Amino acid sequence: MLTMGGFYTLLYKEVLRFWRVGFQTVAAPILTALLYLLIFSHVLEAHVKVNGIGYTSFLIPGLVMMSVLQNAFANSSSSLIQSKVTGSIIFVLLPPISYLELYAAYVLAAVVRGLVVGTGVLLATLGFGSLDFVAPLWIMIFAILGGGILGSLGVIAGIWADKFDQLAAFQNFLIMPLTFLSGVFYSIHSLPPFWQHISHWNPVFYMIDGFRYGFFGVSDVSPWHSLGVVGACFLLLTGLTLQLLRSGYKLRA
Amino acid sequence: MQSPESALAAIRVEGVSKRYGQIQALNGVDLEVQRGEFFGLLGPNGAGKTTLISSLAGLTRPDSGRISIMGRDVQGDYRAARRQLGVVPQELVFDPFFSVRETLKIQSGYFGIVDNDDWIDEILANLDLTSKANANMRTLSGGMKRRVLVAQALVHRPPVIVLDEPTAGVDVELRQTLWRFIKRLNQEGHTIILTTHYLEEAESLCHRIAMLKAGKVIALDTTENLLDQFSAHTLRVKLSSDAASESHAEKEIAGGWQTFPFAEFAEVETLLARLRQSGQRIDEIEIGKTDLEDVFVKLMQGQGH
Ligand SMILES: Nc1ncnc2c1ncn2[C@@H]1O[C@H](COP(=O)(O)OP(=O)(O)O)[C@@H](O)[C@H]1O
Ligand SMILES: [Mg+2]
């Protein structure tokens, strides 16, 4: 095992942790995304075109990004709450690992899980539509930043929650609505003006929109605008999470 | 200013207090443990032993006071301080995703140690864990998990080792294996700090003992002095049951046995004479040494000096 210090080892351990139960952490979310695709495209493919793109093709990047985001959140939050509840968190708290290293390892592992699942969803659904991969760099940037943001949120939720049902509440009442109501399944231009306006306050909308731009070169707002919003969110959440870890909140009470 | 002696201390605790809501878990604890000592930290449940250990380890931030390990401040110089310390926690915790060897390799990596296989093998052998090296943590019995916890605390060869009730609910075999190994580490120069409920264990292992009660150190001395301080011996007599019991005994034990502590053997005669005068007949007599349990009970009842 090649490790250079606390950070690398913790990152390695966090990646190994989800990989060991990959059936549950990788295969299951890929299957879920595939089912969404089959059902929605079956119902809508013949009737809907978005920005001149066939519905199934339009849907695929949305599902990929939704999987990236949800799994990034799931990884850091479930790892933290599990080790808090079982007490094994002390193995990470006793060594000379700084809060910065802690943050970087948990969030990077979350991004890795997000990208692994996202790639899986993409490969599983690729054959159903036609994607152009117009701007791969945009695809990568939004996937990584989005995974980082949700990974950070997962760290916050995992630290804050004392019980699994509190974490489930966080997931069901915040993460799920934000990701579902973000334009995964539709262009927000198809919404009534009021809901369009509301959607512009949802940071996940910009993640999905920017990510999708990378595939088709068309989007609801400019990718630069999306990058600004997503980048700002990333910095804000990183600052918040670091502050939380530095304070020792609930971890070193 | 630190005196050179204090700078040499393995552990230095100065005025440490910690409150959890209404509970004052630690109340101005001062303590110094010298390098190479085998030190006992005793006290009833809730005395604050685990809170003190958590404060040493940086798992808890005290409300006030300072702690250093081998001269390194646990807050200001936390990286260096944590390298000096190995902690065996009281709770039986484990990471269910990994095997014993993986667990130890990962723990080594957290301390920045890449190639630790030789030392890991040695720890495993000394704790009779070699045959379980590739077993998943989930499949181990409680005693085996406890051994892994000890192993995890040792991966980075810490000069100071803290064991929080390592033998609670553990079989005799493991207790012996564990103490053989810990004694050896102590002889090789490691400082050992132990909390335990088995007072015979503390009595036979520890050079010095601190007794904690309600977050305060109420006694701190060598094991020998603590035992001496409370009369070195006890007289136990079994009285005929009919006599009226105007008792001077420290404690009455079932079956008519009564215990009297004394310092000098000359006192035995006086004690026996007094019993005779009060008209009691003695069936049997035993003379024994005070054990740590007697000291402990007295201190906890607030009769300590
Ligand atoms: N995290 C915590 N939250 C609230 N109270 C605590 C916490 N940890 C310890 N205590 C309380 O502090 C006191 C000391 O506990 P502890 O240090 O575990 O004692 P010991 O290890 O000597 O049995 C107890 O009254 C305990 O209930
Ligand atoms: Mg305790």
# chains A, B, ... in the order shown; residues from 1 in each chain; ligands from 1

$ residues_near_ligand --ligand "ligand 1" --cutoff "7 Å" --atoms "only C-alpha atoms and all ligand atoms" --output "number ranges by chain"
B: 20-21, 23-25, 43-52

$ residues_around --residues "Thr223 of chain B" --least-positions-apart "2" --cutoff "8 Å" --atoms "only C-alpha atoms" --output "VMD selection string"
chain B and resid 203 206 to 209 221 225 to 227

$ residues_around --residues "segment 80-82 of chain B" --least-positions-apart "5" --cutoff "12 Å" --atoms "only C-alpha atoms" --output "ChimeraX atom specification"
/A:91-98 /B:10-12,54-59,67-75,87,110-111,153,156-162

$ atom_distance --atom1 "atom CA of Val155 of chain B" --atom2 "atom CA of Arg17 of chain A"
21.0 Å

$ atom_distance --atom1 "atom CA of Ser240 of chain B" --atom2 "atom CA of Leu275 of chain B"
11.4 Å

$ select_by_dssp --residues "segment 28-244 of chain A" --states "strand (DSSP E or B)" --output "VMD selection string"
chain A and resid 49 to 50 53 to 54

$ closest_residue --among "B:Glu122, B:Glu165, B:Glu293, B:Glu32" --to "ligand 2" --atoms "only C-alpha atoms and all ligand atoms"
B:Glu165

$ interface_residues --of "chain A" --to "chain B" --cutoff "6 Å" --atoms "only C-alpha atoms" --output "ChimeraX atom specification"
/A:3-6,9,87-88,95-96,252-253
